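The structure appears right after this line, and notes come after that.
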Amino acid sequence: MSKLKHFTPCVFLPFRLREQVPAGAVVYDVSSYAEYPFCTLSPFWPHGGIPVPGLSDGTTSDSVEGIWQGLKLIDGKIAPRYFSGQGHKRGGKPRGHQYGDKLLKIVKAREKIYRVAYEWMLDKRADQALIGGFIAQAFAGVSQYFHDVSNNGKISDPDEGWAHAAVLAQYLNRRCQQQAEEQVRV
C-alpha cells in the first residue's frame, strides 16, 4: 500500500489580517472585487443554472448570492427575483431562510443552503483549471491563503456574514484529501 501523499492545507484568511501572512505564502482575493478569474469564485458571480436548495421544482439561480438573498423570509415573503442576474444584497430583517416548507435559522441555513449551493457551483460551474491549480499548488507545498471581505470563517457565528473564502478553503482541503486517498488506493 502506498503512503498518503502530503499537501499543504489551504487557509482561510480573515480580511482584517490579509497583510499578516507568512513570508512566501500566496494570498488570493476571491471577493467580487478581485481580479479575473478569482472574482468568479465570489458568490455574486452570475454563473447561471445553480439549483436552489430546498426547492424541488427545478428552480435555478444565476448566482449563489441570489439564492441566499432570495430565500430570506422578509415581511413573510421570499424574493425569487434575486435568482436572476448578478447577486446583490437584499434589505430588511429576515426571519430566517425558506427551505422547502421549513424556515431555517442562520447556522442551519448556511449548512443546507449556502454551503450546498456554493460547493455545487465550485464543482459544476467554476473554472476547473483554476480549482485544479489551487490543488496542484497545495500538493507542491505552496502555502495558500484565501480571503474575501469578511472576517468570519466560522459557520456557527451568527453575528457576522460567513466568508465564502472559508468555504472555498474547506472545499479545496477536502478535494486534496480525497485526491491523496485515491492515489493511495491506486
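Here, A, B, ... name the chains of the C-alpha cells in the order displayed, residue numbers run from 1 inside each chain, and ligands are numbered from 1 in the same displayed order.
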Excluding Gly141 (chain A) and any residue of its chain fewer than 4 positions from it, enumerate the residues within 10 Å of it, using only C-alpha atoms, and give them as an MDAnalysis selection string.
-> chainID A and resid 6:9 136:137
Do you have, as a Markdown table, the list of residues of region 158-181 of chain A lying at most 9 Å from region 96-120 of chain A, each with its nearest atom pair and that distance in Å to one decimal, counting only C-alpha atoms and ordered by chain then number?
| residue | atom | partner | partner_atom | distance |
| --- | --- | --- | --- | --- |
| A:Pro158 | CA | A:Ile106 | CA | 6.3 |
| A:Trp162 | CA | A:Arg110 | CA | 8.1 |
| A:His164 | CA | A:Tyr118 | CA | 7.9 |
| A:Val167 | CA | A:Arg115 | CA | 7.0 |
| A:Leu168 | CA | A:Glu119 | CA | 7.9 |
| A:Tyr171 | CA | A:Glu119 | CA | 7.2 |
DSSP helix (DSSP H, G or I) residues within chain A, as JSON, numbers by chain | {"A": [15, 16, 17, 38, 39, 40, 41, 64, 65, 66, 67, 68, 69, 70, 80, 81, 82, 83, 106, 107, 108, 109, 110, 111, 112, 113, 114, 115, 116, 117, 118, 119, 120, 121, 122, 123, 124, 128, 129, 130, 131, 132, 133, 134, 135, 136, 137, 138, 139, 164, 165, 166, 167, 168, 169, 170, 171, 172, 173, 174, 175, 176, 177, 178, 179, 180, 181, 182, 183, 184, 185]}
Need to verify the contact set: region 18-32 of chain A, 12 Å, only C-alpha atoms, exclusion of same-chain residues closer than 6 positions in sequence. Can you return it as an mmCIF file with N, CA, C and O atoms, in the first residue's frame?
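Wrote it out as around_0.cif, contents follow:
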data_model
loop_
_atom_site.group_PDB
_atom_site.id
_atom_site.type_symbol
_atom_site.label_atom_id
_atom_site.label_comp_id
_atom_site.auth_asym_id
_atom_site.auth_seq_id
_atom_site.Cartn_x
_atom_site.Cartn_y
_atom_site.Cartn_z
ATOM 1 N N THR A 8 -0.132 20.807 1.432
ATOM 2 C CA THR A 8 -0.173 21.936 2.355
ATOM 3 C C THR A 8 -1.604 22.465 2.373
ATOM 4 O O THR A 8 -2.117 22.893 1.334
ATOM 5 N N PRO A 9 -2.267 22.413 3.523
ATOM 6 C CA PRO A 9 -3.659 22.835 3.579
ATOM 7 C C PRO A 9 -3.854 24.302 3.174
ATOM 8 O O PRO A 9 -3.020 25.162 3.481
ATOM 9 N N CYS A 10 -4.961 24.546 2.500
ATOM 10 C CA CYS A 10 -5.371 25.910 2.159
ATOM 11 C C CYS A 10 -5.928 26.549 3.427
ATOM 12 O O CYS A 10 -6.521 25.877 4.267
ATOM 13 N N VAL A 11 -5.746 27.859 3.565
ATOM 14 C CA VAL A 11 -6.099 28.554 4.798
ATOM 15 C C VAL A 11 -7.037 29.717 4.497
ATOM 16 O O VAL A 11 -6.794 30.510 3.581
ATOM 17 N N PHE A 12 -8.107 29.817 5.295
ATOM 18 C CA PHE A 12 -8.959 30.999 5.238
ATOM 19 C C PHE A 12 -8.240 32.135 5.945
ATOM 20 O O PHE A 12 -7.689 31.954 7.038
ATOM 21 N N PHE A 38 -10.212 35.211 -10.358
ATOM 22 C CA PHE A 38 -10.502 34.949 -8.943
ATOM 23 C C PHE A 38 -11.866 35.488 -8.510
ATOM 24 O O PHE A 38 -12.516 34.905 -7.644
ATOM 25 N N CYS A 39 -12.317 36.572 -9.139
ATOM 26 C CA CYS A 39 -13.631 37.127 -8.811
ATOM 27 C C CYS A 39 -14.756 36.163 -9.164
ATOM 28 O O CYS A 39 -15.863 36.265 -8.626
ATOM 29 N N THR A 40 -14.493 35.198 -10.060
ATOM 30 C CA THR A 40 -15.531 34.232 -10.434
ATOM 31 C C THR A 40 -15.836 33.257 -9.306
ATOM 32 O O THR A 40 -16.817 32.521 -9.379
ATOM 33 N N LEU A 41 -15.018 33.261 -8.261
ATOM 34 C CA LEU A 41 -15.264 32.409 -7.102
ATOM 35 C C LEU A 41 -16.120 33.127 -6.054
ATOM 36 O O LEU A 41 -16.458 32.548 -5.023
ATOM 37 N N SER A 42 -16.495 34.357 -6.333
ATOM 38 C CA SER A 42 -17.389 35.113 -5.469
ATOM 39 C C SER A 42 -18.816 34.577 -5.627
ATOM 40 O O SER A 42 -19.229 34.231 -6.737
ATOM 41 N N PRO A 43 -19.582 34.542 -4.546
ATOM 42 C CA PRO A 43 -20.981 34.104 -4.665
ATOM 43 C C PRO A 43 -21.835 35.081 -5.480
ATOM 44 O O PRO A 43 -22.936 34.743 -5.894
ATOM 45 N N PHE A 44 -21.317 36.268 -5.728
ATOM 46 C CA PHE A 44 -22.052 37.257 -6.519
ATOM 47 C C PHE A 44 -21.927 37.009 -8.025
ATOM 48 O O PHE A 44 -22.687 37.563 -8.798
ATOM 49 N N TRP A 45 -20.945 36.216 -8.442
ATOM 50 C CA TRP A 45 -20.682 35.995 -9.860
ATOM 51 C C TRP A 45 -21.841 35.217 -10.505
ATOM 52 O O TRP A 45 -22.250 34.174 -10.012
ATOM 53 N N PRO A 46 -22.369 35.710 -11.624
ATOM 54 C CA PRO A 46 -23.510 35.049 -12.271
ATOM 55 C C PRO A 46 -23.107 33.880 -13.183
ATOM 56 O O PRO A 46 -22.997 34.024 -14.398
ATOM 57 N N SER A 63 -26.714 33.088 -9.470
ATOM 58 C CA SER A 63 -25.610 33.233 -8.523
ATOM 59 C C SER A 63 -25.948 32.590 -7.179
ATOM 60 O O SER A 63 -27.122 32.429 -6.838
ATOM 61 N N GLU A 65 -25.225 34.027 -4.325
ATOM 62 C CA GLU A 65 -25.761 35.122 -3.503
ATOM 63 C C GLU A 65 -27.237 35.353 -3.806
ATOM 64 O O GLU A 65 -28.009 35.684 -2.907
ATOM 65 N N GLN A 86 -26.676 39.040 -11.574
ATOM 66 C CA GLN A 86 -25.598 39.060 -10.590
ATOM 67 C C GLN A 86 -26.192 39.209 -9.195
ATOM 68 O O GLN A 86 -27.173 39.928 -9.007
ATOM 69 N N GLY A 87 -25.601 38.528 -8.218
ATOM 70 C CA GLY A 87 -26.105 38.610 -6.856
ATOM 71 C C GLY A 87 -25.950 39.995 -6.272
ATOM 72 O O GLY A 87 -25.017 40.719 -6.600
ATOM 73 N N HIS A 88 -26.904 40.368 -5.439
ATOM 74 C CA HIS A 88 -26.805 41.625 -4.695
ATOM 75 C C HIS A 88 -27.576 41.481 -3.392
ATOM 76 O O HIS A 88 -28.399 40.592 -3.231
ATOM 77 N N LEU A 130 -8.739 26.453 -12.720
ATOM 78 C CA LEU A 130 -8.420 27.306 -11.577
ATOM 79 C C LEU A 130 -8.422 26.482 -10.282
ATOM 80 O O LEU A 130 -7.469 26.537 -9.493
ATOM 81 N N PHE A 134 -5.131 25.386 -7.747
ATOM 82 C CA PHE A 134 -5.007 25.515 -6.293
ATOM 83 C C PHE A 134 -4.608 24.168 -5.682
ATOM 84 O O PHE A 134 -3.751 24.094 -4.794
ATOM 85 N N GLN A 137 -0.989 23.313 -6.455
ATOM 86 C CA GLN A 137 -0.080 24.100 -5.613
ATOM 87 C C GLN A 137 -0.041 23.555 -4.183
ATOM 88 O O GLN A 137 1.019 23.542 -3.548
ATOM 89 N N ALA A 138 -1.187 23.094 -3.687
ATOM 90 C CA ALA A 138 -1.217 22.508 -2.341
ATOM 91 C C ALA A 138 -0.320 21.279 -2.279
ATOM 92 O O ALA A 138 0.450 21.100 -1.326
ATOM 93 N N GLY A 141 3.333 21.969 -2.045
ATOM 94 C CA GLY A 141 3.822 22.522 -0.788
ATOM 95 C C GLY A 141 3.682 24.028 -0.656
ATOM 96 O O GLY A 141 4.253 24.633 0.250
ATOM 97 N N VAL A 142 2.911 24.653 -1.547
ATOM 98 C CA VAL A 142 2.723 26.105 -1.510
ATOM 99 C C VAL A 142 1.686 26.466 -0.443
ATOM 100 O O VAL A 142 0.593 25.900 -0.416
ATOM 101 N N SER A 143 2.023 27.413 0.428
ATOM 102 C CA SER A 143 1.075 27.934 1.412
ATOM 103 C C SER A 143 0.150 28.911 0.703
ATOM 104 O O SER A 143 0.604 29.919 0.172
ATOM 105 N N GLN A 144 -1.154 28.602 0.702
ATOM 106 C CA GLN A 144 -2.143 29.436 0.013
ATOM 107 C C GLN A 144 -3.173 29.941 1.015
ATOM 108 O O GLN A 144 -3.739 29.160 1.777
ATOM 109 N N TYR A 145 -3.387 31.242 0.993
ATOM 110 C CA TYR A 145 -4.346 31.894 1.877
ATOM 111 C C TYR A 145 -5.426 32.542 1.023
ATOM 112 O O TYR A 145 -5.120 33.211 0.039
ATOM 113 N N PHE A 146 -6.690 32.360 1.434
ATOM 114 C CA PHE A 146 -7.826 32.861 0.674
ATOM 115 C C PHE A 146 -8.635 33.828 1.531
ATOM 116 O O PHE A 146 -8.970 33.509 2.678
ATOM 117 N N HIS A 147 -8.933 34.992 0.960
ATOM 118 C CA HIS A 147 -9.773 35.954 1.685
ATOM 119 C C HIS A 147 -10.819 36.553 0.765
ATOM 120 O O HIS A 147 -10.698 36.536 -0.460
ATOM 121 N N ASP A 148 -11.876 37.058 1.396
ATOM 122 C CA ASP A 148 -12.853 37.888 0.702
ATOM 123 C C ASP A 148 -12.978 39.153 1.548
ATOM 124 O O ASP A 148 -11.964 39.633 2.039
ATOM 125 N N VAL A 149 -14.157 39.697 1.748
ATOM 126 C CA VAL A 149 -14.283 40.935 2.529
ATOM 127 C C VAL A 149 -14.814 40.694 3.948
ATOM 128 O O VAL A 149 -15.123 41.642 4.658
ATOM 129 N N SER A 150 -14.893 39.432 4.345
ATOM 130 C CA SER A 150 -15.409 39.094 5.672
ATOM 131 C C SER A 150 -14.287 38.598 6.584
ATOM 132 O O SER A 150 -13.264 38.113 6.120
ATOM 133 N N ASN A 151 -14.540 38.712 7.865
ATOM 134 C CA ASN A 151 -13.598 38.214 8.869
ATOM 135 C C ASN A 151 -14.047 36.892 9.481
ATOM 136 O O ASN A 151 -13.296 36.264 10.210
ATOM 137 N N ALA A 163 -17.790 34.020 5.606
ATOM 138 C CA ALA A 163 -16.915 34.256 4.457
ATOM 139 C C ALA A 163 -16.928 33.064 3.507
ATOM 140 O O ALA A 163 -16.653 31.938 3.913
ATOM 141 N N HIS A 164 -17.224 33.337 2.234
ATOM 142 C CA HIS A 164 -17.179 32.246 1.257
ATOM 143 C C HIS A 164 -15.747 31.747 1.055
ATOM 144 O O HIS A 164 -15.534 30.603 0.672
ATOM 145 N N ALA A 165 -14.755 32.595 1.365
ATOM 146 C CA ALA A 165 -13.359 32.154 1.272
ATOM 147 C C ALA A 165 -13.087 31.010 2.253
ATOM 148 O O ALA A 165 -12.269 30.129 1.970
ATOM 149 N N ALA A 166 -13.785 30.992 3.380
ATOM 150 C CA ALA A 166 -13.644 29.894 4.337
ATOM 151 C C ALA A 166 -14.220 28.612 3.754
ATOM 152 O O ALA A 166 -13.632 27.533 3.895
ATOM 153 N N VAL A 167 -15.353 28.725 3.084
ATOM 154 C CA VAL A 167 -15.970 27.563 2.444
ATOM 155 C C VAL A 167 -15.052 27.046 1.341
ATOM 156 O O VAL A 167 -14.844 25.838 1.204
ATOM 157 N N LEU A 168 -14.474 27.963 0.570
ATOM 158 C CA LEU A 168 -13.557 27.585 -0.503
ATOM 159 C C LEU A 168 -12.343 26.835 0.050
ATOM 160 O O LEU A 168 -11.963 25.779 -0.476
ATOM 161 N N ALA A 169 -11.729 27.344 1.108
ATOM 162 C CA ALA A 169 -10.561 26.685 1.693
ATOM 163 C C ALA A 169 -10.921 25.282 2.194
ATOM 164 O O ALA A 169 -10.172 24.320 1.966
#
Mind checking DSSP for region 115-175 of chain A and telling me the strand (DSSP E or B) residues as a ChimeraX atom specification?
-> /A:144-147,152,162
Near Lys72 (chain A), counting only C-alpha atoms, which residues have an atom at most 8 Å away, once you skip same-chain residues fewer than 3 positions from it, shown as an MDAnalysis selection string?
-> chainID A and resid 68:69 77:79 94:98
Write out, as a short mmCIF file (atom, residue, chain, number, x, y, z; two decimals), in the first residue's frame, the residues just selected, with N, CA, C and O atoms.
data_model
loop_
_atom_site.label_atom_id
_atom_site.label_comp_id
_atom_site.auth_asym_id
_atom_site.auth_seq_id
_atom_site.Cartn_x
_atom_site.Cartn_y
_atom_site.Cartn_z
N TRP A 68 -29.07 32.91 -1.70
CA TRP A 68 -29.04 33.30 -0.29
C TRP A 68 -30.00 34.45 -0.01
O TRP A 68 -30.77 34.41 0.96
N GLN A 69 -29.97 35.46 -0.85
CA GLN A 69 -30.85 36.61 -0.64
C GLN A 69 -32.30 36.29 -0.99
O GLN A 69 -33.22 36.72 -0.30
N LYS A 77 -42.20 37.01 3.08
CA LYS A 77 -42.04 36.60 1.68
C LYS A 77 -40.59 36.32 1.34
O LYS A 77 -39.68 36.97 1.85
N ILE A 78 -40.41 35.34 0.43
CA ILE A 78 -39.11 35.17 -0.20
C ILE A 78 -39.12 36.03 -1.46
O ILE A 78 -40.16 36.59 -1.82
N ALA A 79 -37.98 36.16 -2.13
CA ALA A 79 -37.90 37.04 -3.31
C ALA A 79 -37.17 36.32 -4.45
O ALA A 79 -35.98 36.53 -4.67
N PRO A 94 -34.42 39.55 8.07
CA PRO A 94 -35.01 38.24 7.78
C PRO A 94 -35.43 37.48 9.04
O PRO A 94 -34.79 37.57 10.08
N ARG A 95 -36.53 36.74 8.91
CA ARG A 95 -36.95 35.84 9.99
C ARG A 95 -36.20 34.53 9.91
O ARG A 95 -36.20 33.75 10.84
N GLY A 96 -35.61 34.26 8.77
CA GLY A 96 -34.89 33.01 8.52
C GLY A 96 -34.79 32.82 7.02
O GLY A 96 -35.05 33.74 6.24
N HIS A 97 -34.44 31.60 6.61
CA HIS A 97 -34.35 31.25 5.19
C HIS A 97 -35.32 30.11 4.91
O HIS A 97 -35.36 29.13 5.65
N GLN A 98 -36.07 30.25 3.84
CA GLN A 98 -37.03 29.23 3.44
C GLN A 98 -36.28 28.04 2.84
O GLN A 98 -35.44 28.21 1.96
#
Could you pull the residues within 12 Å of Gln183 (chain A), counting only C-alpha atoms, minus those fewer than 4 positions along the same chain, as an MDAnalysis selection string?
-> chainID A and resid 1:6 176:179
Let's have the selection written as a compact mmCIF listing (two decimals), in the first residue's frame, with C-alpha atoms.
# COMPACT_ATOMS: atom_id res chain seq x y z
CA MET A 1 0.00 0.00 0.00
CA SER A 2 1.27 3.46 -0.93
CA LYS A 3 1.91 6.22 1.55
CA LEU A 4 -0.61 9.09 1.71
CA LYS A 5 0.66 11.98 -0.40
CA HIS A 6 1.23 15.17 1.59
CA CYS A 176 -6.89 17.46 -1.72
CA GLN A 177 -7.63 14.84 0.95
CA GLN A 178 -9.80 12.87 -1.49
CA GLN A 179 -7.11 13.03 -4.16
Atom pair CA of Leu122 (chain A) / CA of Tyr36 (chain A): separation (Å) |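 For CA of Leu122 (chain A) relative to CA of Tyr36 (chain A), the distance reads 15.7 Å.
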For Met121 (chain A), which residue among A:Leu13, A:Ala180, A:Leu55, A:Ile50 is the nearest when counting only C-alpha atoms?
-> A:Ile50
Contacts of Phe83 (chain A) at 8 Å or less, counting only C-alpha atoms, minus same-chain residues fewer than 6 places along, as number ranges by chain?
-> A: 60-63, 66-67, 70
Straight-line distance linking CA of Tyr82 (chain A) with CA of Val52 (chain A), stated in Å to one decimal |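 Result for CA of Tyr82 (chain A) versus CA of Val52 (chain A): 11.4 Å, one decimal.
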